[in-house]
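J.: My file is data00.pdb. It has PDB, N, CA and C atoms:
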```
ATOM      1  N   MET A   1      13.493 -13.494 -19.828
ATOM      2  CA  MET A   1      13.652 -12.060 -19.719
ATOM      3  C   MET A   1      14.519 -11.768 -18.493
ATOM      4  N   GLY A   2      15.576 -11.038 -18.669
ATOM      5  CA  GLY A   2      16.486 -10.738 -17.574
ATOM      6  C   GLY A   2      15.967  -9.631 -16.678
ATOM      7  N   ARG A   3      16.740  -9.331 -15.671
ATOM      8  CA  ARG A   3      16.335  -8.303 -14.711
ATOM      9  C   ARG A   3      16.167  -6.939 -15.359
ATOM     10  N   THR A   4      17.077  -6.605 -16.259
ATOM     11  CA  THR A   4      16.993  -5.306 -16.922
ATOM     12  C   THR A   4      15.706  -5.191 -17.719
ATOM     13  N   GLY A   5      15.369  -6.228 -18.447
ATOM     14  CA  GLY A   5      14.137  -6.220 -19.233
ATOM     15  C   GLY A   5      12.905  -6.100 -18.357
ATOM     16  N   ILE A   6      12.922  -6.776 -17.228
ATOM     17  CA  ILE A   6      11.788  -6.711 -16.303
ATOM     18  C   ILE A   6      11.665  -5.316 -15.707
ATOM     19  N   LEU A   7      12.778  -4.724 -15.327
ATOM     20  CA  LEU A   7      12.737  -3.366 -14.777
ATOM     21  C   LEU A   7      12.253  -2.357 -15.817
ATOM     22  N   ILE A   8      12.687  -2.516 -17.045
ATOM     23  CA  ILE A   8      12.228  -1.618 -18.106
ATOM     24  C   ILE A   8      10.738  -1.808 -18.341
ATOM     25  N   ALA A   9      10.280  -3.054 -18.344
ATOM     26  CA  ALA A   9       8.849  -3.321 -18.529
ATOM     27  C   ALA A   9       8.033  -2.705 -17.399
ATOM     28  N   ILE A  10       8.509  -2.824 -16.169
ATOM     29  CA  ILE A  10       7.802  -2.237 -15.029
ATOM     30  C   ILE A  10       7.787  -0.716 -15.144
ATOM     31  N   ALA A  11       8.890  -0.137 -15.577
ATOM     32  CA  ALA A  11       8.944   1.316 -15.736
ATOM     33  C   ALA A  11       7.965   1.789 -16.801
ATOM     34  N   VAL A  12       7.914   1.085 -17.920
ATOM     35  CA  VAL A  12       7.003   1.473 -19.003
ATOM     36  C   VAL A  12       5.545   1.323 -18.560
ATOM     37  N   ILE A  13       5.239   0.216 -17.916
ATOM     38  CA  ILE A  13       3.873   0.009 -17.446
ATOM     39  C   ILE A  13       3.520   1.040 -16.372
ATOM     40  N   GLY A  14       4.450   1.338 -15.478
ATOM     41  CA  GLY A  14       4.222   2.368 -14.467
ATOM     42  C   GLY A  14       3.970   3.727 -15.091
ATOM     43  N   TYR A  15       4.695   4.025 -16.151
ATOM     44  CA  TYR A  15       4.489   5.288 -16.858
ATOM     45  C   TYR A  15       3.077   5.368 -17.417
ATOM     46  N   PHE A  16       2.661   4.322 -18.113
ATOM     47  CA  PHE A  16       1.326   4.338 -18.709
ATOM     48  C   PHE A  16       0.235   4.322 -17.645
ATOM     49  N   LEU A  17       0.483   3.681 -16.519
ATOM     50  CA  LEU A  17      -0.486   3.722 -15.440
ATOM     51  C   LEU A  17      -0.558   5.122 -14.828
ATOM     52  N   GLY A  18       0.565   5.808 -14.791
ATOM     53  CA  GLY A  18       0.569   7.194 -14.326
ATOM     54  C   GLY A  18      -0.228   8.098 -15.249
ATOM     55  N   VAL A  19      -0.084   7.888 -16.544
ATOM     56  CA  VAL A  19      -0.872   8.655 -17.517
ATOM     57  C   VAL A  19      -2.355   8.344 -17.338
ATOM     58  N   ALA A  20      -2.677   7.063 -17.160
ATOM     59  CA  ALA A  20      -4.067   6.677 -16.929
ATOM     60  C   ALA A  20      -4.580   7.308 -15.639
ATOM     61  N   GLY A  21      -3.742   7.337 -14.616
ATOM     62  CA  GLY A  21      -4.121   7.978 -13.361
ATOM     63  C   GLY A  21      -4.417   9.458 -13.541
ATOM     64  N   TYR A  22      -3.669  10.095 -14.404
ATOM     65  CA  TYR A  22      -3.907  11.514 -14.692
ATOM     66  C   TYR A  22      -5.297  11.710 -15.275
ATOM     67  N   TYR A  23      -5.670  10.871 -16.224
ATOM     68  CA  TYR A  23      -6.982  11.006 -16.833
ATOM     69  C   TYR A  23      -8.104  10.610 -15.876
ATOM     70  N   VAL A  24      -7.851   9.641 -15.013
ATOM     71  CA  VAL A  24      -8.834   9.297 -13.980
ATOM     72  C   VAL A  24      -9.006  10.483 -13.037
ATOM     73  N   PHE A  25      -7.898  11.116 -12.682
ATOM     74  CA  PHE A  25      -7.950  12.289 -11.819
ATOM     75  C   PHE A  25      -8.781  13.395 -12.459
ATOM     76  N   LYS A  26      -8.596  13.598 -13.752
ATOM     77  CA  LYS A  26      -9.370  14.637 -14.441
ATOM     78  C   LYS A  26     -10.870  14.369 -14.351
ATOM     79  N   ASN A  27     -11.254  13.089 -14.384
ATOM     80  CA  ASN A  27     -12.673  12.755 -14.272
ATOM     81  C   ASN A  27     -13.180  12.875 -12.839
ATOM     82  N   LEU A  28     -12.304  12.670 -11.868
ATOM     83  CA  LEU A  28     -12.699  12.761 -10.462
ATOM     84  C   LEU A  28     -12.548  14.172  -9.890
ATOM     85  N   GLU A  29     -11.989  15.062 -10.664
ATOM     86  CA  GLU A  29     -11.696  16.404 -10.177
ATOM     87  C   GLU A  29     -12.916  17.139  -9.627
ATOM     88  N   PRO A  30     -14.070  17.114 -10.289
ATOM     89  CA  PRO A  30     -15.231  17.823  -9.720
ATOM     90  C   PRO A  30     -15.620  17.295  -8.328
ATOM     91  N   TRP A  31     -15.557  15.996  -8.148
ATOM     92  CA  TRP A  31     -15.906  15.409  -6.855
ATOM     93  C   TRP A  31     -14.864  15.753  -5.797
ATOM     94  N   LEU A  32     -13.596  15.655  -6.191
ATOM     95  CA  LEU A  32     -12.514  15.943  -5.248
ATOM     96  C   LEU A  32     -12.456  17.413  -4.859
ATOM     97  N   SER A  33     -12.869  18.298  -5.755
ATOM     98  CA  SER A  33     -12.798  19.730  -5.464
ATOM     99  C   SER A  33     -13.700  20.121  -4.305
ATOM    100  N   GLN A  34     -14.699  19.324  -4.032
ATOM    101  CA  GLN A  34     -15.570  19.602  -2.896
ATOM    102  C   GLN A  34     -14.890  19.251  -1.575
ATOM    103  N   PHE A  35     -14.009  18.266  -1.580
ATOM    104  CA  PHE A  35     -13.414  17.780  -0.346
ATOM    105  C   PHE A  35     -11.969  18.215  -0.138
ATOM    106  N   LEU A  36     -11.208  18.321  -1.213
ATOM    107  CA  LEU A  36      -9.779  18.616  -1.108
ATOM    108  C   LEU A  36      -9.355  19.720  -2.077
ATOM    109  N   PRO A  37      -9.866  20.931  -1.924
ATOM    110  CA  PRO A  37      -9.561  21.974  -2.925
ATOM    111  C   PRO A  37      -8.085  22.346  -3.003
ATOM    112  N   THR A  38      -7.359  22.333  -1.903
ATOM    113  CA  THR A  38      -5.940  22.702  -1.925
ATOM    114  C   THR A  38      -5.098  21.656  -2.631
ATOM    115  N   LEU A  39      -5.417  20.407  -2.421
ATOM    116  CA  LEU A  39      -4.642  19.320  -3.024
ATOM    117  C   LEU A  39      -4.788  19.294  -4.540
ATOM    118  N   LEU A  40      -5.898  19.795  -5.045
ATOM    119  CA  LEU A  40      -6.123  19.776  -6.488
ATOM    120  C   LEU A  40      -5.181  20.698  -7.250
ATOM    121  N   GLN A  41      -4.537  21.587  -6.566
ATOM    122  CA  GLN A  41      -3.592  22.473  -7.245
ATOM    123  C   GLN A  41      -2.319  21.734  -7.630
ATOM    124  N   ALA A  42      -2.092  20.569  -7.063
ATOM    125  CA  ALA A  42      -0.903  19.766  -7.358
ATOM    126  C   ALA A  42      -1.329  18.500  -8.098
ATOM    127  N   GLU A  43      -1.779  18.655  -9.356
ATOM    128  CA  GLU A  43      -2.238  17.513 -10.147
ATOM    129  C   GLU A  43      -1.144  16.468 -10.319
ATOM    130  N   TRP A  44       0.079  16.913 -10.501
ATOM    131  CA  TRP A  44       1.196  15.998 -10.704
ATOM    132  C   TRP A  44       1.401  15.117  -9.485
ATOM    133  N   LEU A  45       1.090  15.642  -8.294
ATOM    134  CA  LEU A  45       1.270  14.868  -7.075
ATOM    135  C   LEU A  45       0.334  13.668  -7.045
ATOM    136  N   ILE A  46      -0.922  13.905  -7.337
ATOM    137  CA  ILE A  46      -1.905  12.822  -7.326
ATOM    138  C   ILE A  46      -1.608  11.822  -8.439
ATOM    139  N   SER A  47      -1.264  12.300  -9.614
ATOM    140  CA  SER A  47      -0.935  11.398 -10.720
ATOM    141  C   SER A  47       0.277  10.540 -10.378
ATOM    142  N   GLY A  48       1.248  11.125  -9.742
ATOM    143  CA  GLY A  48       2.429  10.366  -9.334
ATOM    144  C   GLY A  48       2.096   9.287  -8.325
ATOM    145  N   PHE A  49       1.236   9.617  -7.360
ATOM    146  CA  PHE A  49       0.823   8.618  -6.371
ATOM    147  C   PHE A  49       0.071   7.468  -7.018
ATOM    148  N   VAL A  50      -0.815   7.784  -7.936
ATOM    149  CA  VAL A  50      -1.580   6.730  -8.614
ATOM    150  C   VAL A  50      -0.641   5.827  -9.407
ATOM    151  N   GLY A  51       0.280   6.415 -10.143
ATOM    152  CA  GLY A  51       1.239   5.626 -10.910
ATOM    153  C   GLY A  51       2.119   4.769 -10.012
ATOM    154  N   ALA A  52       2.559   5.333  -8.893
ATOM    155  CA  ALA A  52       3.409   4.576  -7.968
ATOM    156  C   ALA A  52       2.654   3.408  -7.340
ATOM    157  N   ILE A  53       1.420   3.643  -6.957
ATOM    158  CA  ILE A  53       0.620   2.574  -6.347
ATOM    159  C   ILE A  53       0.411   1.439  -7.337
ATOM    160  N   PHE A  54       0.048   1.771  -8.565
ATOM    161  CA  PHE A  54      -0.167   0.729  -9.562
ATOM    162  C   PHE A  54       1.132  -0.005  -9.908
ATOM    163  N   ALA A  55       2.238   0.715  -9.938
ATOM    164  CA  ALA A  55       3.515   0.060 -10.231
ATOM    165  C   ALA A  55       3.887  -0.916  -9.111
ATOM    166  N   VAL A  56       3.667  -0.527  -7.874
ATOM    167  CA  VAL A  56       3.965  -1.419  -6.751
ATOM    168  C   VAL A  56       3.056  -2.645  -6.797
ATOM    169  N   ILE A  57       1.784  -2.439  -7.096
ATOM    170  CA  ILE A  57       0.860  -3.569  -7.222
ATOM    171  C   ILE A  57       1.332  -4.508  -8.322
ATOM    172  N   LEU A  58       1.774  -3.947  -9.430
ATOM    173  CA  LEU A  58       2.271  -4.756 -10.531
ATOM    174  C   LEU A  58       3.496  -5.571 -10.117
ATOM    175  N   VAL A  59       4.412  -4.972  -9.387
ATOM    176  CA  VAL A  59       5.606  -5.694  -8.928
ATOM    177  C   VAL A  59       5.214  -6.806  -7.958
ATOM    178  N   ILE A  60       4.264  -6.542  -7.088
ATOM    179  CA  ILE A  60       3.813  -7.575  -6.143
ATOM    180  C   ILE A  60       3.196  -8.744  -6.897
ATOM    181  N   ILE A  61       2.350  -8.443  -7.872
ATOM    182  CA  ILE A  61       1.731  -9.509  -8.675
ATOM    183  C   ILE A  61       2.804 -10.302  -9.408
ATOM    184  N   TRP A  62       3.757  -9.603 -10.006
ATOM    185  CA  TRP A  62       4.831 -10.281 -10.737
ATOM    186  C   TRP A  62       5.665 -11.160  -9.804
ATOM    187  N   SER A  63       5.958 -10.634  -8.602
ATOM    188  CA  SER A  63       6.810 -11.419  -7.692
ATOM    189  C   SER A  63       6.110 -12.681  -7.224
ATOM    190  N   TYR A  64       4.812 -12.628  -6.997
ATOM    191  CA  TYR A  64       4.091 -13.831  -6.597
ATOM    192  C   TYR A  64       3.906 -14.811  -7.758
ATOM    193  N   SER A  65       3.770 -14.274  -8.962
ATOM    194  CA  SER A  65       3.578 -15.174 -10.108
ATOM    195  C   SER A  65       4.878 -15.887 -10.510
ATOM    196  N   SER A  66       6.024 -15.305 -10.229
ATOM    197  CA  SER A  66       7.300 -15.934 -10.585
ATOM    198  C   SER A  66       7.952 -16.615  -9.388
ATOM    199  N   LYS A  67       7.249 -16.743  -8.293
ATOM    200  CA  LYS A  67       7.800 -17.328  -7.076
ATOM    201  C   LYS A  67       8.170 -18.794  -7.239
ATOM    202  N   GLY A  68       7.372 -19.550  -7.975
ATOM    203  CA  GLY A  68       7.615 -20.973  -8.114
ATOM    204  C   GLY A  68       8.633 -21.332  -9.166
ATOM    205  N   GLN A  69       9.179 -20.395  -9.886
ATOM    206  CA  GLN A  69      10.092 -20.712 -10.985
ATOM    207  C   GLN A  69      11.518 -20.752 -10.540
TER     208      GLN A  69
END
```
Could you render the structure from this file as structure tokens?
T.:
Amino acid sequence: MGRTGILIAIAVIGYFLGVAGYYVFKNLEPWLSQFLPTLLQAEWLISGFVGAIFAVILVIIWSYSSKGQ
């Protein structure tokens, strides 16, 4: 798999992790509303952070797994 394919795979996985983060956020919303009521108005912000964190973790895992090749 070339670089382009790997980047596309990471983008697709990051997208789906962002969607998953959105649904996780929806489940955590009642708890978060007690501590961070202003931040909850920007749902897209939290979903984006969750997706970005998971995408970076995925790239780190991939880079360590392909290190010996």
J.: Go ahead and compute the interatomic distance for atom CA of A:Tyr15 and atom CA of A:Leu28, in Å to one decimal.
T.: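 Computing it gives 19.8 Å between the two atoms.
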J.: Place a sphere of radius 12 Å on (2.5, 0.5, -6.5) in the file coordinates and name every protein, DNA or RNA residue with an atom inside or on its surface, counting only C-alpha atoms; give the answer as a PyMOL selection string.
T.: chain A and resi 10-11+13-15+17-18+48-62
J.: Give me the box for stretch 42-51 of chain A as AutoDock Vina command-line options, namely the centre and edge lengths in Å to one decimal of a box along x, y and z that holds every listed atom plus 4 Å on each side.
T.:
```
--center_x 0.1 --center_y 12.7 --center_z -8.6 --size_x 12.7 --size_y 23.8 --size_z 12.5
```
J.: Please give the complete set of residues from chain A that DSSP, run on the backbone, assigns to alpha helix (DSSP H), formatted as a count of residues only.
T.: 56
J.: One number please: atom CA of A:Ile46 to atom N of A:Leu7, in Å, one decimal.
T.: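 The value is 24.2 Å.
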J.: Report the distance between atom CA of A:Ser47 and atom CA of A:Leu32 in Å, rounded to one decimal place.
T.: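 Interatomic distance, atom CA of A:Ser47 to atom CA of A:Leu32: 13.6 Å.
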J.: Rank A:Val12, A:Ile6, A:Ala42, A:Val19 by their smallest atom-to-atom distance to A:Ser63, using only C-alpha atoms, and report the top residue only.
T.: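 Closest residue, counting only C-alpha atoms: A:Ile6.
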